[in-house]
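Q: Mind looking over this structure? Questions follow.
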Amino acid sequence: MTIEIKPLAGNLGAEIFGADVTNPDHFQTLLDAFSDHGVIAIRDQDITPEQQIEFAERFGPINVNRFFAHLPDHPEIALVLKEPDQTQAIGERWHTDHSYDEVPARCSMLYAIETPEAGGDTMFASMCAAFEGLSDGMKDTLRSMKAWHSSRHIFGEVRKTTDTAKTGRIGNSELATQDNLHPAVIRHPLSGRESLYVNPDFTVSFDTWNKEESDALLAYLYKHAVQPEYTCRVRWVPGTLTIWDNLATWHKAINDYAGHRRRMHRITVDGMPLAASRQAA
Ligand code: SIN
């Protein structure tokens, strides 16, 4: 069977048909598609947790998530679950996984086990396309800037009363101690493209800017970056395995399936130190 790659939108995302993630001969084609499209939804997989782990390890060492509940026998696989009576989905706000870490995650993959008949899609946005869409003046300003990212306000003590925490899907609030400074624009290690590296969930402020200034510029960038032209949407069915590039994209789980169950297995893969697009003067 030949592998077919069908773009999902103009700026990012592709669906892949006819691939088998357990077949080592298919890996290079999948890696190239991942690099070209930033998000790939590989359809029609039927894999065990061990096979998902083996596939993830081809991208790099697995990062065991500190905060997510995981499969009992497989700490490498985080459970992304929403039961019919639960109100909050994991990852509802636009974000980039683990940007609060000193060396943030390279990519993440979700494997769909159980999905609602309608709803529960995931949105993605291209931070390379969003950056390219800014004016030359704004690009230049951002190239010389850094931003603080933190896990505290998302996974720390303050979130203990949320539905995801109360239902045991997110925990270990005492481990939410990460605060790290990253370039606001990074040079992508595979494509060489510049990518806007701030996100609504984890970015706290621009370094050396006061809160008002920082909030105003971040609000502008967040509005700019989610214009439909920079996004794509993955519709899930059981057996779809989607991998996204955390250095080039944001994502957001759409919480529009109240009364239905959605169960996914997630693995996140370690990255490499981020390279600034241009060193600050
Ligand atoms: C996540 O943010 O990792 C979850 C995304 C999703 O469930 O669609």
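Please note that chains go A, B, ... in the order of the structure tokens, that every chain numbers its residues from 1, and that ligands are numbered from 1 in the order shown.
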Any idea what's packed within 8 Å of His188 (chain A), counting only C-alpha atoms, ignoring anything in its chain fewer than 6 positions away? Could you give it as a ChimeraX atom specification?
A: /A:194-195,247-248,275
Q: Would you mind exporting N, CA, C and O atoms of the selected residues as a CSV table (one decimal), in the first residue's frame?
A:
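Contents of selection21.csv, as written:
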```csv
chain,number,residue,atom,x,y,z
A,194,GLU,N,11.7,30.7,11.2
A,194,GLU,CA,11.5,31.4,12.5
A,194,GLU,C,10.1,31.1,13.0
A,194,GLU,O,9.2,31.0,12.2
A,195,SER,N,10.1,30.9,14.3
A,195,SER,CA,8.8,30.5,14.9
A,195,SER,C,8.6,31.4,16.2
A,195,SER,O,9.5,31.5,17.0
A,247,LEU,N,7.6,23.0,18.6
A,247,LEU,CA,8.5,24.2,18.4
A,247,LEU,C,7.9,25.0,17.2
A,247,LEU,O,8.4,26.1,16.9
A,248,ALA,N,6.8,24.5,16.6
A,248,ALA,CA,6.3,25.3,15.5
A,248,ALA,C,4.8,25.5,15.5
A,248,ALA,O,4.2,26.1,14.7
A,275,ALA,N,17.1,27.5,20.1
A,275,ALA,CA,18.0,28.4,19.5
A,275,ALA,C,17.3,29.7,19.2
A,275,ALA,O,16.2,29.7,18.5
```
Q: Could you name the residues that touch Ser126 (chain A) at 8 Å or less, counting only C-alpha atoms, but leaving out those on the same chain fewer than 3 positions away, as a PDB file with N, CA, C and O atoms, in the first residue's frame?
A:
```pdb
ATOM      1  N   ASN A  11      -1.453  26.233   5.642  1.00  0.00           N
ATOM      2  CA  ASN A  11      -0.226  26.551   6.382  1.00  0.00           C
ATOM      3  C   ASN A  11       0.306  25.468   7.300  1.00  0.00           C
ATOM      4  O   ASN A  11       1.455  25.551   7.740  1.00  0.00           O
ATOM      5  N   LEU A  12      -0.518  24.507   7.655  1.00  0.00           N
ATOM      6  CA  LEU A  12      -0.015  23.384   8.477  1.00  0.00           C
ATOM      7  C   LEU A  12      -1.011  22.248   8.456  1.00  0.00           C
ATOM      8  O   LEU A  12      -2.178  22.410   8.115  1.00  0.00           O
ATOM      9  N   GLY A  38       4.188  20.038  10.229  1.00  0.00           N
ATOM     10  CA  GLY A  38       4.066  20.459  11.645  1.00  0.00           C
ATOM     11  C   GLY A  38       3.090  19.633  12.461  1.00  0.00           C
ATOM     12  O   GLY A  38       3.281  19.469  13.661  1.00  0.00           O
ATOM     13  N   ALA A 129       3.967  30.424  10.395  1.00  0.00           N
ATOM     14  CA  ALA A 129       3.132  31.260   9.523  1.00  0.00           C
ATOM     15  C   ALA A 129       2.693  32.521  10.270  1.00  0.00           C
ATOM     16  O   ALA A 129       2.668  33.617   9.694  1.00  0.00           O
ATOM     17  N   ALA A 130       2.345  32.377  11.546  1.00  0.00           N
ATOM     18  CA  ALA A 130       1.897  33.548  12.320  1.00  0.00           C
ATOM     19  C   ALA A 130       3.027  34.567  12.410  1.00  0.00           C
ATOM     20  O   ALA A 130       2.813  35.778  12.258  1.00  0.00           O
ATOM     21  N   ALA A 225      -2.261  35.319  16.112  1.00  0.00           N
ATOM     22  CA  ALA A 225      -1.774  33.969  15.780  1.00  0.00           C
ATOM     23  C   ALA A 225      -2.875  32.949  15.547  1.00  0.00           C
ATOM     24  O   ALA A 225      -2.618  31.896  14.960  1.00  0.00           O
ATOM     25  N   TYR A 230      -3.971  30.662   9.797  1.00  0.00           N
ATOM     26  CA  TYR A 230      -2.790  30.008  10.396  1.00  0.00           C
ATOM     27  C   TYR A 230      -3.128  28.682  11.064  1.00  0.00           C
ATOM     28  O   TYR A 230      -2.276  28.095  11.719  1.00  0.00           O
ATOM     29  N   THR A 231      -4.391  28.242  10.953  1.00  0.00           N
ATOM     30  CA  THR A 231      -4.821  27.071  11.736  1.00  0.00           C
ATOM     31  C   THR A 231      -5.224  25.884  10.858  1.00  0.00           C
ATOM     32  O   THR A 231      -5.456  26.020   9.654  1.00  0.00           O
ATOM     33  N   ALA A 248       6.850  24.546  16.610  1.00  0.00           N
ATOM     34  CA  ALA A 248       6.298  25.268  15.457  1.00  0.00           C
ATOM     35  C   ALA A 248       4.797  25.477  15.545  1.00  0.00           C
ATOM     36  O   ALA A 248       4.216  26.109  14.660  1.00  0.00           O
ATOM     37  N   THR A 249       4.158  24.950  16.581  1.00  0.00           N
ATOM     38  CA  THR A 249       2.690  25.012  16.629  1.00  0.00           C
ATOM     39  C   THR A 249       2.165  25.273  18.040  1.00  0.00           C
ATOM     40  O   THR A 249       2.854  25.047  19.024  1.00  0.00           O
ATOM     41  N   TRP A 250       0.920  25.744  18.087  1.00  0.00           N
ATOM     42  CA  TRP A 250       0.104  25.704  19.309  1.00  0.00           C
ATOM     43  C   TRP A 250      -1.011  24.693  19.044  1.00  0.00           C
ATOM     44  O   TRP A 250      -1.349  24.406  17.889  1.00  0.00           O
TER      45      TRP A 250
END
```
Q: Assign secondary structure with DSSP using the backbone only, and return the residues of region 56-258 of chain A in strand (DSSP E) as a PyMOL selection string.
A: chain A and resi 62-63+70-71+74-82+107-114+122-126+146-150+179-183+185-187+194-196+203-206+231-234+241-245+249-253
Q: Take the residues from that selection and put them in a file with C-alpha atoms, as a compact mmCIF listing (two decimals), in the first residue's frame.
A:
```txt
# COMPACT_ATOMS: atom_id res chain seq x y z
CA ILE A 62 10.13 10.14 26.17
CA ASN A 63 9.37 12.86 28.69
CA HIS A 70 -0.94 7.92 33.33
CA LEU A 71 -1.67 4.35 32.30
CA HIS A 74 3.01 2.68 31.43
CA PRO A 75 4.05 5.96 33.09
CA GLU A 76 5.31 7.10 29.66
CA ILE A 77 1.69 7.29 28.44
CA ALA A 78 -0.41 10.10 29.90
CA LEU A 79 -4.16 9.68 29.90
CA VAL A 80 -6.12 12.49 28.24
CA LEU A 81 -9.62 11.61 29.34
CA LYS A 82 -12.95 13.33 29.70
CA CYS A 107 6.77 16.92 19.91
CA SER A 108 3.73 15.23 21.39
CA MET A 109 1.49 12.48 20.07
CA LEU A 110 -2.10 11.59 20.90
CA TYR A 111 -3.60 8.23 20.02
CA ALA A 112 -7.40 8.14 19.95
CA ILE A 113 -8.96 5.22 21.81
CA GLU A 114 -12.54 6.43 22.28
CA THR A 122 -8.17 19.51 18.21
CA MET A 123 -7.19 22.85 16.68
CA PHE A 124 -3.59 23.64 15.74
CA ALA A 125 -1.96 26.95 14.75
CA SER A 126 1.31 27.48 12.88
CA LYS A 146 12.76 36.96 25.62
CA ALA A 147 9.70 35.74 27.50
CA TRP A 148 9.13 34.02 30.82
CA HIS A 149 7.16 30.77 30.87
CA SER A 150 5.82 29.06 33.99
CA ASP A 179 9.95 29.17 35.51
CA ASN A 180 12.11 29.58 32.42
CA LEU A 181 13.16 32.31 30.05
CA HIS A 182 13.09 31.58 26.30
CA PRO A 183 13.68 33.62 23.14
CA VAL A 185 11.37 33.92 18.36
CA ILE A 186 13.23 30.67 17.83
CA ARG A 187 14.97 29.18 14.82
CA GLU A 194 11.55 31.38 12.49
CA SER A 195 8.79 30.49 14.93
CA LEU A 196 6.97 32.67 17.46
CA THR A 203 3.88 32.51 28.85
CA VAL A 204 3.78 34.93 31.77
CA SER A 205 5.54 38.08 30.55
CA PHE A 206 8.26 39.54 28.36
CA THR A 231 -4.82 27.07 11.74
CA CYS A 232 -5.99 23.57 10.93
CA ARG A 233 -8.36 21.20 12.70
CA VAL A 234 -8.00 17.47 13.32
CA LEU A 241 -2.52 8.98 15.91
CA THR A 242 -1.63 12.66 15.62
CA ILE A 243 1.86 14.05 16.17
CA TRP A 244 2.54 17.77 16.50
CA ASP A 245 5.68 19.85 16.55
CA THR A 249 2.69 25.01 16.63
CA TRP A 250 0.10 25.70 19.31
CA HIS A 251 -2.87 23.43 19.95
CA LYS A 252 -6.19 23.52 21.75
CA ALA A 253 -8.68 20.77 22.65
```
Q: Show me, as a tab-separated table, the residues of region 11-69 of chain A having an atom within 9 Å of region 262-273 of chain A, each with the closest atom pair and its distance in Å, using only C-alpha atoms.
A:
```
residue	atom	partner	partner_atom	distance
A:Pro49	CA	A:His265	CA	8.3
A:Gln52	CA	A:Ile267	CA	8.2
A:Ile53	CA	A:Ile267	CA	7.6
A:Ala56	CA	A:Val269	CA	7.0
A:Glu57	CA	A:Val269	CA	7.6
A:Phe59	CA	A:Val269	CA	6.9
A:Gly60	CA	A:Val269	CA	5.9
A:Pro61	CA	A:Asp270	CA	5.6
A:Ile62	CA	A:Val269	CA	4.5
A:Asn63	CA	A:Val269	CA	5.3
A:Val64	CA	A:Thr268	CA	7.3
A:Asn65	CA	A:Thr268	CA	7.5
```
Q: For C-alpha atoms, I'd like the residues from the last selection saved as a PDB file, in the first residue's frame.
A:
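New file again-v7.pdb:
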```
ATOM      1  CA  PRO A  49       0.813   0.968  24.410  1.00  0.00           C
ATOM      2  CA  GLN A  52       3.111   3.602  20.741  1.00  0.00           C
ATOM      3  CA  ILE A  53       6.110   3.888  23.069  1.00  0.00           C
ATOM      4  CA  ALA A  56       7.598   7.714  20.074  1.00  0.00           C
ATOM      5  CA  GLU A  57      11.161   6.692  20.940  1.00  0.00           C
ATOM      6  CA  PHE A  59      11.577  10.786  17.702  1.00  0.00           C
ATOM      7  CA  GLY A  60      13.655  10.966  20.901  1.00  0.00           C
ATOM      8  CA  PRO A  61      13.583  10.129  24.619  1.00  0.00           C
ATOM      9  CA  ILE A  62      10.132  10.140  26.173  1.00  0.00           C
ATOM     10  CA  ASN A  63       9.365  12.863  28.687  1.00  0.00           C
ATOM     11  CA  VAL A  64       7.277  11.430  31.534  1.00  0.00           C
ATOM     12  CA  ASN A  65       4.741  14.151  32.305  1.00  0.00           C
TER      13      ASN A  65
END
```
Q: Would you kindly return, as a list in words, each protein, DNA or RNA residue with an atom no farther than 10 Å from any atom of Gly18 (chain A), considering only C-alpha atoms and excluding same-chain residues fewer than 5 positions away?
A: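 Neighbouring residues, sequence-local ones excluded: Met1, Thr2, Ile3, Glu4, Ile5, His26, Ile42, Arg43, Asp44 and Gln45 of chain A.
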